[in-house]
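Participant: Sending over entry_6.cif (mmCIF, C-alpha atoms).
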data_target
#
loop_
_atom_site.label_atom_id
_atom_site.label_comp_id
_atom_site.auth_asym_id
_atom_site.auth_seq_id
_atom_site.Cartn_x
_atom_site.Cartn_y
_atom_site.Cartn_z
CA MET W 1 79.66 -86.27 76.73
CA THR W 2 83.46 -85.98 76.72
CA LEU W 3 85.60 -87.37 73.95
CA HIS W 4 87.08 -89.95 76.33
CA LEU W 5 83.64 -91.23 77.36
CA ARG W 6 82.47 -91.41 73.73
CA LYS W 7 85.52 -93.49 72.78
CA THR W 8 84.97 -95.79 75.75
CA PHE W 9 81.30 -96.16 74.88
CA ALA W 10 82.15 -96.93 71.23
CA ILE W 11 84.65 -99.61 72.25
CA VAL W 12 82.21 -101.24 74.67
CA ALA W 13 79.41 -101.14 72.07
CA ALA W 14 81.64 -102.70 69.42
CA ALA W 15 82.79 -105.45 71.78
CA ALA W 16 79.20 -106.21 72.80
CA GLY W 17 78.16 -106.39 69.15
CA LEU W 18 80.96 -108.82 68.33
CA PHE W 19 80.11 -110.93 71.35
CA LEU W 20 76.46 -111.15 70.32
CA LEU W 21 77.35 -112.01 66.72
CA SER W 22 79.79 -114.72 67.77
CA GLY W 23 76.88 -116.95 68.80
CA CYS W 24 75.02 -116.43 65.53
CA SER W 25 74.96 -119.12 62.85
CA ASP W 26 74.48 -118.83 59.14
CA ASP W 27 72.34 -121.99 59.13
CA SER W 28 69.00 -121.16 57.55
CA ALA W 29 67.54 -124.62 58.07
CA THR W 30 66.81 -126.28 61.37
CA THR W 31 67.37 -129.99 61.77
CA THR W 32 64.64 -131.63 63.76
CA GLY W 33 65.76 -135.23 63.45
CA ALA W 34 68.96 -136.83 64.57
CA SER W 35 69.47 -139.04 61.53
CA THR W 36 70.19 -138.09 57.94
CA THR W 37 71.13 -140.14 54.89
CA ILE W 38 73.11 -138.67 52.02
CA GLU W 39 72.56 -139.36 48.33
CA SER W 40 75.07 -141.51 46.47
CA GLY W 41 78.01 -139.66 45.03
CA ALA W 42 78.06 -136.98 47.76
CA ALA W 43 80.60 -138.72 49.96
CA GLU W 44 84.29 -137.91 50.26
CA SER W 45 86.83 -140.72 50.01
CA ALA W 46 88.52 -142.00 53.14
CA SER W 47 92.10 -143.03 53.69
CA GLY W 48 91.31 -146.31 55.48
CA GLU W 49 89.42 -149.47 54.63
CA TYR W 50 86.38 -150.35 56.68
CA LYS W 51 83.67 -152.96 56.83
CA ALA W 52 80.49 -151.31 55.54
CA GLY W 53 77.55 -151.39 57.94
CA GLU W 54 75.86 -149.77 60.90
CA TYR W 55 77.79 -149.48 64.14
CA THR W 56 76.62 -148.39 67.58
CA SER W 57 78.65 -147.46 70.63
CA LYS W 58 78.36 -145.42 73.82
CA GLY W 59 80.65 -142.61 74.87
CA ASP W 60 81.15 -141.11 78.31
CA TYR W 61 81.93 -137.54 79.27
CA THR W 62 81.78 -135.31 82.33
CA THR W 63 79.39 -132.39 82.90
CA PRO W 64 79.21 -129.92 85.77
CA GLY W 65 76.35 -132.11 87.04
CA GLY W 66 78.42 -135.30 86.91
CA PRO W 67 79.08 -138.13 84.48
CA ALA W 68 77.00 -138.41 81.30
CA GLU W 69 76.67 -140.86 78.43
CA VAL W 70 75.49 -140.68 74.82
CA THR W 71 74.78 -143.45 72.28
CA VAL W 72 76.09 -143.01 68.74
CA SER W 73 75.12 -145.01 65.65
CA LEU W 74 77.03 -144.52 62.40
CA THR W 75 76.42 -146.07 59.00
CA LEU W 76 79.65 -146.45 57.03
CA ASP W 77 80.51 -147.51 53.50
CA GLY W 78 83.61 -149.60 52.71
CA ALA W 79 85.76 -146.48 52.39
CA GLY W 80 84.75 -145.31 55.87
CA THR W 81 82.47 -142.51 54.73
CA VAL W 82 79.58 -141.72 57.09
CA SER W 83 76.23 -141.97 55.28
CA ALA W 84 74.02 -141.67 58.36
CA VAL W 85 74.37 -140.77 62.03
CA THR W 86 72.05 -141.05 65.00
CA VAL W 87 72.83 -139.72 68.46
CA THR W 88 70.54 -140.96 71.21
CA PRO W 89 70.46 -138.78 74.34
CA GLU W 90 70.88 -140.86 77.50
CA ALA W 91 70.46 -138.05 80.06
CA LYS W 92 67.39 -138.25 82.27
CA GLY W 93 66.67 -134.53 82.39
CA GLY W 94 67.95 -131.06 83.09
CA ASN W 95 70.66 -129.29 81.14
CA SER W 96 72.32 -132.54 80.07
CA LEU W 97 69.20 -133.74 78.29
CA GLN W 98 68.71 -130.32 76.68
CA PHE W 99 72.29 -130.17 75.37
CA GLN W 100 72.32 -133.81 74.22
CA THR W 101 69.06 -133.22 72.32
CA GLN W 102 70.48 -130.08 70.67
CA PHE W 103 73.64 -132.00 69.76
CA ALA W 104 71.60 -134.88 68.30
CA GLY W 105 69.62 -132.45 66.17
CA GLY W 106 72.69 -130.84 64.63
CA ILE W 107 75.28 -133.60 64.35
CA SER W 108 74.26 -134.80 60.87
CA ASP W 109 75.37 -131.53 59.28
CA GLU W 110 78.81 -131.99 60.84
CA VAL W 111 79.59 -135.62 59.97
CA VAL W 112 77.47 -137.02 57.13
CA GLY W 113 79.54 -137.29 53.95
CA LYS W 114 82.86 -137.18 55.81
CA SER W 115 85.39 -139.90 56.43
CA ILE W 116 85.31 -141.48 59.88
CA ASP W 117 89.07 -140.82 59.90
CA ASP W 118 88.39 -137.07 59.80
CA LEU W 119 85.74 -136.90 62.55
CA ASP W 120 86.69 -134.80 65.57
CA VAL W 121 83.67 -132.83 66.68
CA SER W 122 84.14 -129.98 69.15
CA LYS W 123 80.81 -128.12 69.37
CA VAL W 124 77.43 -128.77 67.77
CA SER W 125 74.28 -126.66 68.15
CA GLY W 126 75.62 -124.94 71.25
CA SER W 127 76.62 -128.16 72.98
CA SER W 128 80.34 -128.54 73.56
CA LEU W 129 80.57 -131.20 76.29
CA THR W 130 78.49 -133.83 74.47
CA SER W 131 81.14 -133.90 71.75
CA GLY W 132 83.51 -135.63 74.19
CA GLY W 133 81.16 -138.60 74.47
CA PHE W 134 80.49 -138.54 70.73
CA ASN W 135 84.20 -138.57 69.87
CA GLN W 136 84.83 -141.41 72.32
CA ALA W 137 82.03 -143.48 70.74
CA VAL W 138 83.42 -142.73 67.25
CA GLU W 139 86.85 -144.03 68.32
CA LYS W 140 85.26 -147.31 69.42
CA ILE W 141 83.31 -147.55 66.15
CA ARG W 142 86.45 -146.77 64.13
CA ALA W 143 88.29 -149.65 65.79
CA GLU W 144 85.35 -152.05 65.36
CA ALA W 145 84.79 -151.17 61.68
CA SER W 146 88.45 -151.35 60.62
CA ALA W 147 88.95 -154.03 57.97
#
Take the structure in the file and give it back as C-alpha coordinates.
Facilitator:
Amino acid sequence: MTLHLRKTFAIVAAAAGLFLLSGCSDDSATTTGASTTIESGAAESASGEYKAGEYTSKGDYTTPGGPAEVTVSLTLDGAGTVSAVTVTPEAKGGNSLQFQTQFAGGISDEVVGKSIDDLDVSKVSGSSLTSGGFNQAVEKIRAEASA
(Lines of atoms letter the chains of each structure in order from A and count residues from 1; the text may use other names and numbers.)
(Lines give C-alpha, C1' and ligand atoms only; values in the text may rest on other atoms or scores of the structure.)
Protein backbone atom coordinates (compact mmCIF):
# COMPACT_ATOMS: atom_id res chain seq x y z
CA MET A 1 0.00 0.00 0.00
CA THR A 2 1.36 3.45 -0.86
CA LEU A 3 1.94 6.11 1.74
CA HIS A 4 -0.84 8.25 0.24
CA LEU A 5 -3.37 5.41 0.47
CA ARG A 6 -2.36 4.61 4.06
CA LYS A 7 -2.87 8.25 5.08
CA THR A 8 -6.25 8.34 3.35
CA PHE A 9 -7.28 5.09 5.01
CA ALA A 10 -6.17 6.39 8.43
CA ILE A 11 -8.17 9.60 8.00
CA VAL A 12 -11.30 7.72 6.89
CA ALA A 13 -10.95 5.24 9.77
CA ALA A 14 -10.54 8.04 12.31
CA ALA A 15 -13.55 9.92 10.95
CA ALA A 16 -15.68 6.77 11.03
CA GLY A 17 -14.62 6.09 14.61
CA LEU A 18 -15.56 9.61 15.70
CA PHE A 19 -18.88 9.35 13.91
CA LEU A 20 -19.70 6.08 15.65
CA LEU A 21 -18.69 7.44 19.06
CA SER A 22 -20.75 10.60 18.62
CA GLY A 23 -23.95 8.59 19.09
CA CYS A 24 -22.69 6.88 22.24
CA SER A 25 -23.90 7.93 25.68
CA ASP A 26 -22.26 7.62 29.03
CA ASP A 27 -25.60 6.72 30.64
CA SER A 28 -25.20 3.42 32.44
CA ALA A 29 -28.82 3.22 33.54
CA THR A 30 -31.83 2.90 31.30
CA THR A 31 -35.03 4.69 32.20
CA THR A 32 -38.08 2.57 31.55
CA GLY A 33 -40.72 4.90 32.94
CA ALA A 34 -41.63 8.38 31.86
CA SER A 35 -42.12 9.82 35.34
CA THR A 36 -39.60 10.40 38.10
CA THR A 37 -39.83 12.19 41.44
CA ILE A 38 -36.79 13.71 43.10
CA GLU A 39 -36.02 13.67 46.82
CA SER A 40 -36.36 16.89 48.80
CA GLY A 41 -33.30 19.09 48.82
CA ALA A 42 -32.11 18.03 45.35
CA ALA A 43 -33.78 20.87 43.49
CA GLU A 44 -32.14 24.01 42.18
CA SER A 45 -33.71 27.38 42.94
CA ALA A 46 -35.62 29.21 40.23
CA SER A 47 -35.69 32.88 39.40
CA GLY A 48 -39.49 33.17 39.14
CA GLU A 49 -42.42 32.55 41.46
CA TYR A 50 -44.91 29.88 40.54
CA LYS A 51 -48.01 28.24 41.90
CA ALA A 52 -46.98 24.79 43.11
CA GLY A 53 -48.91 21.91 41.55
CA GLU A 54 -49.24 19.57 38.60
CA TYR A 55 -49.78 21.07 35.16
CA THR A 56 -50.61 19.37 31.88
CA SER A 57 -50.47 20.75 28.36
CA LYS A 58 -50.13 19.56 24.77
CA GLY A 59 -47.48 20.66 22.32
CA ASP A 60 -47.46 20.38 18.54
CA TYR A 61 -44.56 19.80 16.19
CA THR A 62 -43.95 18.69 12.62
CA THR A 63 -42.37 15.40 11.51
CA PRO A 64 -41.49 14.18 8.02
CA GLY A 65 -44.75 12.19 8.25
CA GLY A 66 -46.83 15.25 9.13
CA PRO A 67 -48.06 17.01 12.26
CA ALA A 68 -47.59 15.37 15.66
CA GLU A 69 -48.61 16.09 19.23
CA VAL A 70 -47.30 15.16 22.68
CA THR A 71 -48.84 15.62 26.15
CA VAL A 72 -46.61 16.92 28.94
CA SER A 73 -47.33 16.91 32.68
CA LEU A 74 -45.00 18.74 35.07
CA THR A 75 -45.10 18.93 38.85
CA LEU A 76 -43.66 22.21 40.13
CA ASP A 77 -42.86 23.61 43.55
CA GLY A 78 -43.43 27.29 44.41
CA ALA A 79 -39.98 28.23 43.12
CA GLY A 80 -40.71 26.66 39.73
CA THR A 81 -38.49 23.62 40.19
CA VAL A 82 -39.64 20.49 38.33
CA SER A 83 -40.07 17.57 40.74
CA ALA A 84 -41.75 15.20 38.27
CA VAL A 85 -42.39 14.97 34.54
CA THR A 86 -44.54 12.71 32.42
CA VAL A 87 -44.61 12.75 28.63
CA THR A 88 -47.49 10.86 27.05
CA PRO A 89 -46.93 9.83 23.43
CA GLU A 90 -49.91 10.74 21.24
CA ALA A 91 -48.68 9.20 17.97
CA LYS A 92 -50.67 6.25 16.65
CA GLY A 93 -47.72 4.28 15.31
CA GLY A 94 -44.64 4.23 13.14
CA ASN A 95 -41.52 6.26 13.71
CA SER A 96 -43.39 9.02 15.54
CA LEU A 97 -44.59 6.63 18.23
CA GLN A 98 -41.13 5.10 18.52
CA PHE A 99 -39.41 8.48 18.94
CA GLN A 100 -42.05 9.84 21.32
CA THR A 101 -41.71 6.71 23.48
CA GLN A 102 -37.91 7.05 23.54
CA PHE A 103 -38.26 10.73 24.43
CA ALA A 104 -40.73 9.93 27.24
CA GLY A 105 -38.33 7.37 28.66
CA GLY A 106 -35.41 9.78 28.85
CA ILE A 107 -36.91 13.18 29.61
CA SER A 108 -36.80 12.87 33.41
CA ASP A 109 -32.99 12.86 33.42
CA GLU A 110 -33.04 16.14 31.49
CA VAL A 111 -35.57 18.20 33.47
CA VAL A 112 -36.22 16.88 36.99
CA GLY A 113 -34.53 19.12 39.56
CA LYS A 114 -34.23 22.06 37.16
CA SER A 115 -36.10 25.33 37.10
CA ILE A 116 -38.91 25.59 34.57
CA ASP A 117 -37.25 28.87 33.55
CA ASP A 118 -34.18 26.94 32.39
CA LEU A 119 -35.95 24.23 30.37
CA ASP A 120 -35.12 24.19 26.66
CA VAL A 121 -34.77 20.60 25.53
CA SER A 122 -33.20 19.89 22.14
CA LYS A 123 -32.66 16.12 21.92
CA VAL A 124 -33.55 13.28 24.29
CA SER A 125 -32.81 9.58 23.80
CA GLY A 126 -32.21 10.03 20.08
CA SER A 127 -35.42 11.98 19.50
CA SER A 128 -34.90 15.56 18.36
CA LEU A 129 -38.26 16.51 16.83
CA THR A 130 -40.38 15.60 19.87
CA SER A 131 -38.53 18.28 21.83
CA GLY A 132 -40.35 20.95 19.78
CA GLY A 133 -43.71 19.76 21.10
CA PHE A 134 -42.30 19.35 24.60
CA ASN A 135 -40.88 22.90 24.65
CA GLN A 136 -44.16 24.31 23.35
CA ALA A 137 -46.11 22.52 26.11
CA VAL A 138 -43.60 23.78 28.72
CA GLU A 139 -44.17 27.37 27.54
CA LYS A 140 -47.92 26.95 28.08
CA ILE A 141 -47.33 25.43 31.53
CA ARG A 142 -44.90 28.22 32.44
CA ALA A 143 -47.54 30.84 31.63
CA GLU A 144 -50.29 28.95 33.50
CA ALA A 145 -48.16 28.36 36.63
CA SER A 146 -46.81 31.91 36.91
CA ALA A 147 -47.87 33.48 40.21
Participant: Counting all atoms listed in the file, which of W:Ala68, W:Val82, W:Ala143, W:Ala91 gets nearest to Asp118 (chain W)?
Facilitator: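 Among the listed residues, W:Val82 lies closest to Asp118 (chain W).
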Participant: Could you spell out the hits of the PyMOL selection byres ((chain W and resi 50) around 9) on the shown file, as an NGL selection string?
Facilitator: :W and (48-49 or 51-53 or 76-81 or 142 or 144-147)
Participant: Counting all atoms listed in the file, which residue out of W:Thr71, W:Thr86, W:Gln136, W:Gln102 sits closest to Lys123 (chain W)?
Facilitator: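 Between W:Thr71, W:Thr86, W:Gln136, W:Gln102, the residue approaching Lys123 (chain W) most closely is W:Gln102.
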Participant: I need the residue nearest Tyr55 (chain W) from this list: W:Asp109, W:Asp120, W:Glu139, W:Glu69. Use only C-alpha atoms for the distance.
Facilitator: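 Of the candidates, the smallest distance to Tyr55 (chain W) is held by W:Glu139.
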Participant: Take CA of Phe99 (chain W) and CA of Gly133 (chain W) and report the distance between them in Å, one decimal.
Facilitator: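 Calculated distance between CA of Phe99 (chain W) and CA of Gly133 (chain W) is 12.3 Å.
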Participant: Take the PyMOL selection byres ((chain W and resi 61-67) around 9), apply it to the structure above, and return the hits as a list in words.
Facilitator: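 Answer for the PyMOL selection byres ((chain W and resi 61-67) around 9): Gly59, Asp60, Ala68, Glu69, Val70, Asn95, Ser96, Leu129, Thr130, Ser131, Gly132, Gly133, Phe134 and Gln136 of chain W.
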Participant: Could you name the residues that touch Leu119 (chain W) at 10 Å or less, counting only C-alpha atoms, but leaving out those on the same chain fewer than 3 positions away, as an NGL selection string?
Facilitator: :W and (82 or 110-112 or 114-116 or 122 or 134-135 or 138-139)
Participant: Name the residues that the PyMOL selection byres ((chain W and resi 125) around 6) pulls out of this structure, and write them as a VMD selection string.
Facilitator: chain W and resid 102 to 103 106 124 126 to 127
Participant: Quick one: distance from CA of Gly105 (chain W) to CA of Val87 (chain W) in Å, one decimal?
Facilitator: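 Computed distance, CA of Gly105 (chain W) to CA of Val87 (chain W), equals 8.3 Å.
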Participant: Could you state the separation of CA of Gln100 (chain W) and CA of Lys58 (chain W) in Å, given to one decimal place?
Facilitator: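 So the two atoms, CA of Gln100 (chain W) and CA of Lys58 (chain W), lie 13.1 Å apart.
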Participant: Here's a test: counting all atoms listed in the file, identify every protein, DNA and RNA residue with an atom at most 6 Å from (78.1, -141.6, 64.2) in the file's coordinate frame, and state them as a PyMOL selection string.
Facilitator: chain W and resi 72-74+85
Participant: Which is closer to Val121 (chain W) than all the others in W:Thr88, W:Thr56, W:Ser83, W:Ser108, using all atoms listed in the file?
Facilitator: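 Closest to Val121 (chain W), using all atoms listed in the file: W:Ser108.
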